[in-house]
Each structure stands twice: as structure tokens, then as C-alpha cells.
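S.K.: Compact mmCIF, C-alpha atoms, saved as my_file_21.txt, coming up:
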```
# COMPACT_ATOMS: atom_id res chain seq x y z
CA MET O 1 4.12 22.81 -9.09
CA GLU O 2 1.85 21.12 -11.59
CA ILE O 3 -0.18 18.54 -9.66
CA SER O 4 -2.02 15.76 -11.51
CA ARG O 5 -4.61 13.54 -9.89
CA TYR O 6 -5.05 9.85 -10.61
CA VAL O 7 -6.87 6.88 -9.17
CA ALA O 8 -4.81 3.69 -8.85
CA PHE O 9 -5.85 0.03 -8.76
CA SER O 10 -9.07 0.72 -10.66
CA THR O 11 -10.22 1.82 -14.09
CA ASP O 12 -13.26 3.49 -12.51
CA PRO O 13 -12.64 6.99 -11.11
CA LYS O 14 -15.15 6.15 -8.37
CA GLY O 15 -13.02 3.21 -7.24
CA GLY O 16 -9.38 2.68 -6.36
CA ASN O 17 -7.17 4.99 -4.34
CA PRO O 18 -6.65 8.61 -5.44
CA ALA O 19 -3.09 9.95 -5.52
CA GLY O 20 -1.49 13.23 -6.39
CA VAL O 21 1.46 13.19 -8.80
CA VAL O 22 4.01 15.95 -9.34
CA LEU O 23 6.23 14.86 -12.24
CA ASP O 24 8.57 17.83 -11.79
CA ALA O 25 9.21 18.77 -8.18
CA THR O 26 12.57 20.38 -8.92
CA GLY O 27 13.43 22.94 -6.26
CA ALA O 28 10.58 22.06 -3.91
CA ASP O 29 11.65 21.67 -0.29
CA ASP O 30 10.05 19.48 2.38
CA ALA O 31 7.68 22.21 3.55
CA ALA O 32 6.46 22.91 0.01
CA MET O 33 5.84 19.22 -0.68
CA LEU O 34 4.00 18.70 2.60
CA ALA O 35 1.87 21.78 1.95
CA ALA O 36 1.04 20.57 -1.55
CA ALA O 37 0.08 17.11 -0.25
CA ALA O 38 -2.15 18.70 2.36
CA GLU O 39 -3.79 20.87 -0.29
CA VAL O 40 -4.44 17.84 -2.53
CA GLY O 41 -5.90 16.01 0.46
CA TYR O 42 -5.36 12.47 -0.80
CA SER O 43 -3.69 9.82 1.35
CA GLU O 44 -0.48 10.26 -0.67
CA THR O 45 1.10 12.55 -3.25
CA ALA O 46 4.28 11.59 -5.09
CA PHE O 47 6.95 14.18 -5.93
CA VAL O 48 9.38 13.34 -8.73
CA THR O 49 12.71 14.79 -9.77
CA GLU O 50 14.79 13.45 -12.63
CA SER O 51 18.27 12.07 -12.10
CA GLY O 52 20.95 12.60 -14.68
CA ASP O 53 21.00 8.91 -15.64
CA GLY O 54 17.32 8.72 -16.60
CA SER O 55 16.11 7.29 -13.31
CA LEU O 56 13.71 9.18 -11.04
CA ASP O 57 13.93 10.29 -7.43
CA VAL O 58 10.52 9.97 -5.78
CA ARG O 59 9.29 11.13 -2.39
CA TYR O 60 5.86 10.50 -0.91
CA PHE O 61 3.89 12.77 1.39
CA SER O 62 0.56 12.26 3.12
CA PRO O 63 -1.29 15.39 4.26
CA LEU O 64 0.44 14.97 7.63
CA ALA O 65 3.93 13.54 7.04
CA GLU O 66 6.40 11.96 4.64
CA VAL O 67 6.34 8.17 4.21
CA SER O 68 9.19 6.02 2.91
CA PHE O 69 7.22 4.27 0.18
CA CYS O 70 3.72 4.23 -1.27
CA GLY O 71 2.48 1.64 -3.73
CA HIS O 72 -0.62 3.30 -5.17
CA ALA O 73 1.17 6.62 -5.71
CA THR O 74 3.98 4.71 -7.47
CA ILE O 75 1.47 3.07 -9.83
CA ALA O 76 -0.10 6.48 -10.47
CA THR O 77 3.31 8.08 -11.06
CA ALA O 78 4.33 5.40 -13.55
CA VAL O 79 1.09 5.80 -15.52
CA ALA O 80 1.39 9.60 -15.49
CA HIS O 81 4.95 9.30 -16.79
CA ALA O 82 3.89 6.81 -19.47
CA GLU O 83 1.15 9.16 -20.69
CA ARG O 84 3.78 11.80 -21.38
CA HIS O 85 6.82 9.73 -22.39
CA GLY O 86 5.51 6.34 -23.47
CA THR O 87 5.43 2.96 -21.80
CA GLY O 88 8.50 1.10 -20.63
CA SER O 89 10.61 0.53 -17.54
CA LEU O 90 11.75 3.03 -14.94
CA LEU O 91 14.06 2.90 -11.96
CA LEU O 92 12.75 4.86 -8.98
CA HIS O 93 14.95 5.90 -6.08
CA THR O 94 12.78 5.98 -2.95
CA GLN O 95 13.68 6.40 0.70
CA ALA O 96 13.00 2.67 1.10
CA GLY O 97 15.44 1.79 -1.67
CA PRO O 98 15.39 1.23 -5.45
CA VAL O 99 12.05 0.22 -6.98
CA THR O 100 11.60 -0.78 -10.61
CA VAL O 101 8.28 -0.13 -12.34
CA THR O 102 7.11 -1.14 -15.80
CA THR O 103 4.14 0.22 -17.73
CA ASP O 104 2.17 -1.32 -20.58
CA ARG O 105 -1.22 -0.98 -22.24
CA ALA O 106 -3.95 -3.54 -21.65
CA ALA O 107 -6.05 -4.81 -24.55
CA ASP O 108 -8.66 -2.11 -23.86
CA GLY O 109 -6.03 0.63 -23.95
CA THR O 110 -5.85 1.14 -20.19
CA LEU O 111 -2.37 1.85 -18.84
CA VAL O 112 -1.22 -0.73 -16.29
CA ALA O 113 1.89 -0.54 -14.12
CA THR O 114 3.84 -3.20 -12.24
CA LEU O 115 6.27 -2.27 -9.48
CA VAL O 116 8.81 -4.59 -7.92
CA SER O 117 9.37 -3.81 -4.26
CA VAL O 118 12.55 -3.81 -2.27
CA ALA O 119 13.38 -7.11 -0.55
CA PRO O 120 10.56 -7.91 1.91
CA ARG O 121 10.97 -9.14 5.46
CA THR O 122 8.75 -10.19 8.31
CA VAL O 123 9.25 -9.91 12.07
CA PRO O 124 7.20 -11.01 15.08
CA LEU O 125 4.45 -8.75 16.40
CA ASP O 126 4.96 -8.11 20.10
CA GLU O 127 2.22 -9.74 22.19
CA ALA O 128 1.55 -6.49 24.04
CA ASP O 129 1.22 -4.61 20.75
CA LEU O 130 -1.14 -7.27 19.43
CA ALA O 131 -3.30 -7.06 22.53
CA ARG O 132 -3.44 -3.28 22.27
CA LEU O 133 -4.28 -3.44 18.56
CA LEU O 134 -7.14 -5.86 19.20
CA THR O 135 -8.50 -3.60 21.93
CA ILE O 136 -8.36 -0.53 19.69
CA LEU O 137 -9.99 -2.43 16.82
CA GLY O 138 -12.65 -3.90 19.08
CA TRP O 139 -11.57 -7.41 18.08
CA SER O 140 -11.06 -10.47 20.27
CA ALA O 141 -8.55 -13.32 19.94
CA GLU O 142 -11.43 -15.45 18.61
CA ASP O 143 -11.77 -13.03 15.69
CA LEU O 144 -8.32 -14.03 14.39
CA ASP O 145 -7.56 -16.63 11.73
CA PRO O 146 -5.00 -19.01 13.28
CA ALA O 147 -3.81 -20.05 9.82
CA LEU O 148 -2.45 -16.54 9.20
CA PRO O 149 -0.52 -15.55 12.34
CA PRO O 150 -0.03 -11.88 13.27
CA ARG O 151 3.29 -10.44 12.13
CA VAL O 152 4.80 -7.11 11.07
CA ALA O 153 5.72 -7.16 7.38
CA PHE O 154 7.89 -4.85 5.27
CA ALA O 155 8.37 -4.22 1.55
CA GLY O 156 9.25 -0.54 1.69
CA ALA O 157 7.11 0.34 4.71
CA TRP O 158 6.07 -1.54 7.85
CA HIS O 159 2.56 -2.97 8.27
CA PRO O 160 1.22 -5.25 11.02
CA VAL O 161 -0.69 -8.09 9.36
CA ILE O 162 -3.83 -9.12 11.25
CA ALA O 163 -6.02 -11.82 9.67
CA ALA O 164 -9.75 -12.00 10.36
CA ALA O 165 -11.46 -15.35 10.87
CA SER O 166 -14.52 -14.22 8.87
CA ARG O 167 -15.44 -11.79 6.14
CA GLU O 168 -18.08 -10.36 8.50
CA ARG O 169 -15.40 -9.47 11.04
CA LEU O 170 -13.36 -7.69 8.38
CA ALA O 171 -16.42 -5.82 7.11
CA ASP O 172 -17.22 -4.42 10.56
CA LEU O 173 -14.43 -1.85 10.95
CA ASP O 174 -14.97 0.61 13.78
CA TYR O 175 -11.79 1.56 15.63
CA ASP O 176 -10.45 4.32 17.84
CA MET O 177 -8.40 6.53 15.51
CA ALA O 178 -7.16 8.74 18.37
CA GLN O 179 -5.57 5.73 20.06
CA LEU O 180 -4.29 3.93 16.96
CA GLY O 181 -2.47 6.91 15.46
CA PRO O 182 0.02 7.45 18.31
CA LEU O 183 0.75 3.71 18.56
CA MET O 184 1.52 3.52 14.85
CA ALA O 185 3.69 6.63 14.96
CA HIS O 186 5.64 5.21 17.91
CA ARG O 187 6.21 1.86 16.16
CA GLY O 188 6.83 3.29 12.68
CA TRP O 189 3.89 1.44 11.10
CA THR O 190 2.37 2.94 7.96
CA THR O 191 -0.97 1.10 7.84
CA ILE O 192 -2.54 -1.84 9.63
CA ASP O 193 -3.10 -4.60 7.07
CA LEU O 194 -6.34 -6.34 8.04
CA VAL O 195 -6.91 -9.34 5.75
CA ARG O 196 -9.31 -12.20 5.13
CA ARG O 197 -8.43 -15.23 2.99
CA GLU O 198 -11.19 -16.20 0.56
CA SER O 199 -9.22 -18.91 -1.26
CA PRO O 200 -5.56 -19.95 -1.63
CA THR O 201 -4.87 -16.99 -3.95
CA VAL O 202 -7.70 -14.50 -3.28
CA PHE O 203 -7.76 -12.16 -0.29
CA HIS O 204 -9.75 -9.20 1.01
CA ALA O 205 -8.00 -6.35 2.83
CA ARG O 206 -8.73 -3.18 4.77
CA ASN O 207 -6.02 -0.75 5.86
CA PRO O 208 -6.55 1.76 8.68
CA PHE O 209 -4.24 4.73 7.99
CA PRO O 210 -4.27 7.29 10.84
CA PRO O 211 -0.68 8.46 10.05
CA GLY O 212 -1.99 9.68 6.71
CA GLY O 213 -4.86 11.52 8.33
CA VAL O 214 -7.51 9.16 6.91
CA VAL O 215 -9.54 6.47 8.63
CA GLU O 216 -8.96 3.91 5.89
CA ASP O 217 -6.93 3.51 2.71
CA PRO O 218 -8.95 2.07 -0.22
CA ALA O 219 -5.94 0.43 -1.94
CA THR O 220 -2.52 -0.03 -0.37
CA GLY O 221 0.16 -1.29 -2.74
CA ALA O 222 2.95 -1.17 -0.17
CA ALA O 223 0.93 -3.31 2.23
CA ALA O 224 0.05 -5.72 -0.59
CA ALA O 225 3.76 -6.16 -1.36
CA ALA O 226 4.57 -6.66 2.31
CA PHE O 227 1.74 -9.19 2.58
CA GLY O 228 3.11 -11.13 -0.39
CA GLY O 229 6.48 -11.32 1.35
CA TYR O 230 4.78 -12.39 4.59
CA LEU O 231 2.96 -15.25 2.86
CA ARG O 232 6.15 -16.46 1.18
CA GLU O 233 8.33 -16.23 4.30
CA LEU O 234 5.82 -18.11 6.45
CA GLY O 235 5.26 -20.78 3.79
CA LEU O 236 1.58 -19.88 3.40
CA VAL O 237 1.70 -19.89 -0.42
CA SER O 238 3.60 -21.99 -2.94
CA PRO O 239 5.64 -19.57 -5.04
CA PRO O 240 5.90 -18.62 -7.78
CA THR O 241 2.28 -17.58 -7.55
CA THR O 242 -0.06 -14.72 -8.34
CA LEU O 243 -2.52 -13.36 -5.79
CA THR O 244 -5.54 -11.09 -6.05
CA ILE O 245 -6.32 -8.65 -3.25
CA HIS O 246 -9.69 -6.90 -3.14
CA GLN O 247 -9.65 -3.72 -1.09
CA GLY O 248 -11.88 -0.67 -0.70
CA VAL O 249 -15.10 -2.65 -1.26
CA ASP O 250 -16.49 -1.94 2.20
CA MET O 251 -15.90 1.79 1.83
CA GLY O 252 -17.40 2.04 -1.66
CA ARG O 253 -14.11 2.37 -3.57
CA ALA O 254 -13.54 -1.10 -4.99
CA SER O 255 -9.90 -1.77 -5.84
CA THR O 256 -8.08 -4.74 -7.34
CA ILE O 257 -4.41 -5.37 -6.60
CA THR O 258 -2.49 -8.16 -8.33
CA VAL O 259 0.50 -9.46 -6.35
CA THR O 260 3.23 -11.62 -7.90
CA VAL O 261 5.29 -13.67 -5.45
CA PRO O 262 8.52 -15.06 -6.96
CA ALA O 263 10.09 -18.23 -5.60
CA GLU O 264 13.45 -16.67 -4.71
CA PRO O 265 13.40 -16.03 -0.91
CA GLU O 266 14.70 -12.44 -0.87
CA SER O 267 13.40 -11.23 -4.22
CA GLY O 268 11.10 -8.23 -4.46
CA ILE O 269 7.35 -8.64 -4.68
CA GLY O 270 5.48 -7.53 -7.80
CA VAL O 271 2.39 -5.32 -7.47
CA THR O 272 0.27 -4.60 -10.53
CA GLY O 273 -2.63 -2.24 -11.06
CA ALA O 274 -4.30 0.09 -13.54
CA ALA O 275 -4.49 3.85 -13.06
CA VAL O 276 -6.61 6.54 -14.71
CA ARG O 277 -6.51 10.30 -14.57
CA LEU O 278 -9.16 12.08 -12.51
```
For the file at hand, write its structure as C-alpha cells.
M.R.:
Amino acid sequence: MEISRYVAFSTDPKGGNPAGVVLDATGADDAAMLAAAAEVGYSETAFVTESGDGSLDVRYFSPLAEVSFCGHATIATAVAHAERHGTGSLLLHTQAGPVTVTTDRAADGTLVATLVSVAPRTVPLDEADLARLLTILGWSAEDLDPALPPRVAFAGAWHPVIAAASRERLADLDYDMAQLGPLMAHRGWTTIDLVRRESPTVFHARNPFPPGGVVEDPATGAAAAAFGGYLRELGLVSPPTTLTIHQGVDMGRASTITVTVPAEPESGIGVTGAAVRL
């Protein structure tokens, strides 16, 4: 397989979230894709096969396991495809469902992609799970922002949303990876979406990612989409609206994720970001 490497949600190769992209994974079985993802070593690698109707089948593997959907690898895949075939719209068939993605060039020539997620949904976070998460994170109930209640949100993958009461609390991330990983695997959570609200439309996020074999993900498009759905469902934003999420800053890989929240209750959430080849 020919494996390309990109960084998504940044125009700086030292920022954003690296992803592997295989634009032609024809004939590769699960073991081959998992082995390739492990060799690449990034949090996710996307494997693409063409459908007869011009759409693409895409699967996502971390170095440890397959995941149903990955936002930053989708942005990277769309940009890689646009470099070879030109900008435009694509339909991706993922295990989470159909995802549309559109590419265009910014004024400076940078390729930018926008995905539209599957329909998001939000469910309560069990009190026992919340208590265990806080213990593992080393947080207390007083560290939580009561204006953004804990929930589990979905827009292709499941992410508990935990909001910090201060930027300082969010910046101080020191958790027990050996305890968090099994809990997430048992619950089917992809990352933990730790957020802090700076203003009505600007947020900071950090995403522990033990299922991917990494302590923290520097830019998580799937979590950003799920968070947009969470905000809309709980009435915490006034859609239609556009949000900015800053992620990766505390780990030295600054990333910028633009989230578009339509007014229609069950419509997909838009996630926009640049990507550049490494």
C-alpha cells in the first residue's frame, strides 16, 4: 500500500493532528490495515477503496483497533484526494454511516475540507461513570462548569463531554491511562472530550485517547462534531452558528477546528479544517 502522511486542522506541519492516508486499499484485509496503521504510528490512518458509483468506502484504524469514524483522518483523506483529482464534493461510506465532504482552496492556496457528520445525538452520562472519570482524571465536582452539563455525545463516534470550570483546570491534564483505557473500551467511547468555554462561540478542548494508544489527541474532528450536536440539543447555542475549537495547544500542536451547527434538529454537523502533506 502507498501510505501518505498529512497533518489536519493546521497549515503548520508542527501543529494539527497527523493522519495516515491510503487512497487505494483495494485487497487489504483487516490485519493488513491494522498492521499498516501500527507501522505509521499516528492516532488514525484512513483506508480508502472506490465504489463503482464514484463514492468512497473509508475505514479508520488506530495502531490498536478500528474505529467507526475519525474526523481528522477524513479531512486529510479529502485533501489528499483533492491533490490528485481536484477539489469538489465526495460521498464517503463509513461504518458510522454516510459522510459528505467538500474541498476547496483558500485564498492562500491551502486546501481546506468540510465534512458533514451523520445525525448527532446526546445521551445522559451515568453518575457512576462520571464519578469514575473524575477520579481517573484527578478532577473534583468543583472543577466542572455547571453551564455545560456532562453528557455522552455522538456524531459518528461516542465521546463523553466534560466541561472544565477554568482554563487552568483544562491545562493541567494528568490522568491514569491504565484505568481510563479499559473503561472507554467497555463503554465504547472513542475519546473523552474535555472542554472549556472561552466565549459563546469559542472553546478549548483536550481529548484523552487511550483506545488509540496515545495519551492525547491534538485535534479530534469527530469529537468536535459530537460537541456541536451536544450544544444544539441542550440549547447551549443559538443555531445556525459557527464555533471555533482550539485543541492541541497544551501539547504543543496547536489546531483550529471550525464547527458549523445548522438549525435543523437532526441535521449533520459541519467540521472544517485545513490539511497539509508531511
S.K.: Can you work out the spacing between atom CA of Glu168 of chain O and atom CA of Asp129 of chain O in Å, to one decimal?
M.R.: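 Straight-line distance from atom CA of Glu168 of chain O to atom CA of Asp129 of chain O works out to 23.6 Å.
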S.K.: Between atom CA of Glu266 of chain O and atom CA of Ser238 of chain O, what is the distance in Å, rounded to a tenth?
M.R.: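 Atom CA of Ser238 of chain O lies at a distance of 14.8 Å from atom CA of Glu266 of chain O.
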S.K.: Which segment 28-129 of chain O residues have any atom within 7 Å of an atom of segment 221-237 of chain O, and for each, what is the nearest pair of atoms with distance in Å to one decimal, counting all atoms listed in the file, rows sorted by chain and number, as a tab-separated table?
M.R.:
```
residue	atom	partner	partner_atom	distance
O:Phe69	CA	O:Ala222	CA	6.9
O:Cys70	CA	O:Ala222	CA	5.6
O:Gly71	CA	O:Gly221	CA	3.9
O:His72	CA	O:Gly221	CA	5.3
O:Ser117	CA	O:Ala225	CA	6.7
O:Pro120	CA	O:Gly229	CA	5.3
O:Arg121	CA	O:Gly229	CA	6.5
O:Thr122	CA	O:Tyr230	CA	5.9
```
S.K.: Counting all atoms listed in the file, select every polymer residue within 12 Å of (-19.2, -5.3, 5.5) as defined in the file's coordinates, and provide the selection as an NGL selection string.
M.R.: :O and (166-174 or 204-206 or 247-252)
S.K.: Which one is closest to Leu90 of chain O: O:Pro211, O:Gly54, O:Pro200, O:Pro124? Count all atoms listed in the file.
M.R.: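 Using all atoms listed in the file, Leu90 of chain O sits closest to O:Gly54.
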S.K.: Between O:Leu64, O:Leu278, O:Ile245, O:Met177, which residue has the minimum interatomic distance to Asp193 of chain O, considering only C-alpha atoms?
M.R.: O:Ile245
S.K.: Report as a list in words all protein, DNA and RNA residues lying within 12 Å of Glu127 of chain O, evaluated on only C-alpha atoms, omitting residues in the same chain fewer than 2 positions from it.
M.R.: Pro124, Leu125, Asp129, Leu130, Ala131, Arg132, Leu133, Leu134, Ala141, Pro149, Pro150, Arg151 and Val152 of chain O
S.K.: For the residues selected in the previous step, produce a file with C-alpha atoms as a short mmCIF file (atom, residue, chain, number, x, y, z; two decimals), in the coordinates of the input.
M.R.:
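So the final result, stored in part34.cif, reads:
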```cif
data_model
loop_
_atom_site.label_atom_id
_atom_site.label_comp_id
_atom_site.auth_asym_id
_atom_site.auth_seq_id
_atom_site.Cartn_x
_atom_site.Cartn_y
_atom_site.Cartn_z
CA PRO O 124 7.20 -11.01 15.08
CA LEU O 125 4.45 -8.75 16.40
CA ASP O 129 1.22 -4.61 20.75
CA LEU O 130 -1.14 -7.27 19.43
CA ALA O 131 -3.30 -7.06 22.53
CA ARG O 132 -3.44 -3.28 22.27
CA LEU O 133 -4.28 -3.44 18.56
CA LEU O 134 -7.14 -5.86 19.20
CA ALA O 141 -8.55 -13.32 19.94
CA PRO O 149 -0.52 -15.55 12.34
CA PRO O 150 -0.03 -11.88 13.27
CA ARG O 151 3.29 -10.44 12.13
CA VAL O 152 4.80 -7.11 11.07
#
```
S.K.: Have a look at atom CA of Phe209 of chain O and atom CA of His186 of chain O and let me know their distance in Å, one decimal.
M.R.: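 The value is 14.0 Å.
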S.K.: So which one's closest to Val67 of chain O, O:Ala178, O:Ala107, O:Val215, O:Ala157? Using all atoms listed in the file, please.
M.R.: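 Residue with the minimum atom-to-atom distance to Val67 of chain O: O:Ala157.
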S.K.: My structure is short of atoms at segment 73-104 of chain O; please model N, CA and C atoms there, returning them as a PDB file, keeping the file's coordinate frame.
M.R.:
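Output contents, as saved in out_17.pdb:
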```
ATOM      1  N   ALA O  73       0.621   5.407  -5.097  1.00  0.00           N
ATOM      2  CA  ALA O  73       1.170   6.620  -5.710  1.00  0.00           C
ATOM      3  C   ALA O  73       2.282   6.279  -6.706  1.00  0.00           C
ATOM      4  N   THR O  74       2.983   5.159  -6.501  1.00  0.00           N
ATOM      5  CA  THR O  74       3.980   4.710  -7.470  1.00  0.00           C
ATOM      6  C   THR O  74       3.311   4.259  -8.761  1.00  0.00           C
ATOM      7  N   ILE O  75       2.218   3.490  -8.643  1.00  0.00           N
ATOM      8  CA  ILE O  75       1.470   3.070  -9.830  1.00  0.00           C
ATOM      9  C   ILE O  75       0.956   4.302 -10.577  1.00  0.00           C
ATOM     10  N   ALA O  76       0.404   5.264  -9.851  1.00  0.00           N
ATOM     11  CA  ALA O  76      -0.100   6.480 -10.470  1.00  0.00           C
ATOM     12  C   ALA O  76       1.016   7.267 -11.150  1.00  0.00           C
ATOM     13  N   THR O  77       2.168   7.360 -10.496  1.00  0.00           N
ATOM     14  CA  THR O  77       3.310   8.080 -11.060  1.00  0.00           C
ATOM     15  C   THR O  77       3.785   7.440 -12.351  1.00  0.00           C
ATOM     16  N   ALA O  78       3.867   6.110 -12.352  1.00  0.00           N
ATOM     17  CA  ALA O  78       4.330   5.400 -13.550  1.00  0.00           C
ATOM     18  C   ALA O  78       3.373   5.618 -14.715  1.00  0.00           C
ATOM     19  N   VAL O  79       2.078   5.590 -14.460  1.00  0.00           N
ATOM     20  CA  VAL O  79       1.090   5.800 -15.520  1.00  0.00           C
ATOM     21  C   VAL O  79       1.150   7.251 -16.011  1.00  0.00           C
ATOM     22  N   ALA O  80       1.267   8.197 -15.092  1.00  0.00           N
ATOM     23  CA  ALA O  80       1.390   9.600 -15.490  1.00  0.00           C
ATOM     24  C   ALA O  80       2.616   9.811 -16.366  1.00  0.00           C
ATOM     25  N   HIS O  81       3.724   9.192 -16.003  1.00  0.00           N
ATOM     26  CA  HIS O  81       4.950   9.300 -16.790  1.00  0.00           C
ATOM     27  C   HIS O  81       4.772   8.661 -18.159  1.00  0.00           C
ATOM     28  N   ALA O  82       4.104   7.503 -18.199  1.00  0.00           N
ATOM     29  CA  ALA O  82       3.890   6.810 -19.470  1.00  0.00           C
ATOM     30  C   ALA O  82       2.992   7.613 -20.404  1.00  0.00           C
ATOM     31  N   GLU O  83       2.010   8.326 -19.856  1.00  0.00           N
ATOM     32  CA  GLU O  83       1.150   9.160 -20.690  1.00  0.00           C
ATOM     33  C   GLU O  83       1.944  10.235 -21.423  1.00  0.00           C
ATOM     34  N   ARG O  84       2.990  10.706 -20.810  1.00  0.00           N
ATOM     35  CA  ARG O  84       3.780  11.800 -21.380  1.00  0.00           C
ATOM     36  C   ARG O  84       4.979  11.305 -22.188  1.00  0.00           C
ATOM     37  N   HIS O  85       5.561  10.154 -21.789  1.00  0.00           N
ATOM     38  CA  HIS O  85       6.820   9.730 -22.390  1.00  0.00           C
ATOM     39  C   HIS O  85       6.764   8.342 -23.017  1.00  0.00           C
ATOM     40  N   GLY O  86       5.619   7.681 -22.923  1.00  0.00           N
ATOM     41  CA  GLY O  86       5.510   6.340 -23.470  1.00  0.00           C
ATOM     42  C   GLY O  86       5.757   5.264 -22.431  1.00  0.00           C
ATOM     43  N   THR O  87       5.285   4.067 -22.744  1.00  0.00           N
ATOM     44  CA  THR O  87       5.430   2.960 -21.800  1.00  0.00           C
ATOM     45  C   THR O  87       6.854   2.425 -21.798  1.00  0.00           C
ATOM     46  N   GLY O  88       7.167   1.667 -20.766  1.00  0.00           N
ATOM     47  CA  GLY O  88       8.500   1.100 -20.630  1.00  0.00           C
ATOM     48  C   GLY O  88       8.849   0.883 -19.176  1.00  0.00           C
ATOM     49  N   SER O  89      10.132   0.798 -18.892  1.00  0.00           N
ATOM     50  CA  SER O  89      10.610   0.530 -17.540  1.00  0.00           C
ATOM     51  C   SER O  89      11.303   1.750 -16.956  1.00  0.00           C
ATOM     52  N   LEU O  90      11.122   1.934 -15.665  1.00  0.00           N
ATOM     53  CA  LEU O  90      11.750   3.030 -14.940  1.00  0.00           C
ATOM     54  C   LEU O  90      12.394   2.504 -13.677  1.00  0.00           C
ATOM     55  N   LEU O  91      13.450   3.168 -13.256  1.00  0.00           N
ATOM     56  CA  LEU O  91      14.060   2.900 -11.960  1.00  0.00           C
ATOM     57  C   LEU O  91      13.743   4.089 -11.060  1.00  0.00           C
ATOM     58  N   LEU O  92      13.089   3.818  -9.940  1.00  0.00           N
ATOM     59  CA  LEU O  92      12.750   4.860  -8.980  1.00  0.00           C
ATOM     60  C   LEU O  92      13.641   4.735  -7.758  1.00  0.00           C
ATOM     61  N   HIS O  93      14.185   5.861  -7.324  1.00  0.00           N
ATOM     62  CA  HIS O  93      14.950   5.900  -6.080  1.00  0.00           C
ATOM     63  C   HIS O  93      14.025   6.439  -5.000  1.00  0.00           C
ATOM     64  N   THR O  94      13.662   5.591  -4.052  1.00  0.00           N
ATOM     65  CA  THR O  94      12.780   5.980  -2.950  1.00  0.00           C
ATOM     66  C   THR O  94      13.568   5.922  -1.647  1.00  0.00           C
ATOM     67  N   GLN O  95      13.006   6.462  -0.590  1.00  0.00           N
ATOM     68  CA  GLN O  95      13.680   6.400   0.700  1.00  0.00           C
ATOM     69  C   GLN O  95      13.785   4.971   1.214  1.00  0.00           C
ATOM     70  N   ALA O  96      12.933   4.078   0.708  1.00  0.00           N
ATOM     71  CA  ALA O  96      13.000   2.670   1.100  1.00  0.00           C
ATOM     72  C   ALA O  96      14.038   1.896   0.303  1.00  0.00           C
ATOM     73  N   GLY O  97      14.501   2.474  -0.804  1.00  0.00           N
ATOM     74  CA  GLY O  97      15.440   1.790  -1.670  1.00  0.00           C
ATOM     75  C   GLY O  97      14.990   1.837  -3.116  1.00  0.00           C
ATOM     76  N   PRO O  98      15.743   1.194  -4.029  1.00  0.00           N
ATOM     77  CA  PRO O  98      15.390   1.230  -5.450  1.00  0.00           C
ATOM     78  C   PRO O  98      14.171   0.372  -5.752  1.00  0.00           C
ATOM     79  N   VAL O  99      13.273   0.918  -6.573  1.00  0.00           N
ATOM     80  CA  VAL O  99      12.050   0.220  -6.980  1.00  0.00           C
ATOM     81  C   VAL O  99      11.950   0.328  -8.495  1.00  0.00           C
ATOM     82  N   THR O 100      11.817  -0.810  -9.166  1.00  0.00           N
ATOM     83  CA  THR O 100      11.600  -0.780 -10.610  1.00  0.00           C
ATOM     84  C   THR O 100      10.098  -0.812 -10.890  1.00  0.00           C
ATOM     85  N   VAL O 101       9.697  -0.148 -11.962  1.00  0.00           N
ATOM     86  CA  VAL O 101       8.280  -0.130 -12.340  1.00  0.00           C
ATOM     87  C   VAL O 101       8.196  -0.146 -13.864  1.00  0.00           C
ATOM     88  N   THR O 102       7.290  -0.970 -14.362  1.00  0.00           N
ATOM     89  CA  THR O 102       7.110  -1.140 -15.800  1.00  0.00           C
ATOM     90  C   THR O 102       5.672  -0.838 -16.177  1.00  0.00           C
ATOM     91  N   THR O 103       5.485  -0.107 -17.265  1.00  0.00           N
ATOM     92  CA  THR O 103       4.140   0.220 -17.730  1.00  0.00           C
ATOM     93  C   THR O 103       3.872  -0.429 -19.086  1.00  0.00           C
ATOM     94  N   ASP O 104       2.608  -0.750 -19.301  1.00  0.00           N
ATOM     95  CA  ASP O 104       2.170  -1.320 -20.580  1.00  0.00           C
ATOM     96  C   ASP O 104       0.699  -0.985 -20.758  1.00  0.00           C
TER      97      ASP O 104
END
```
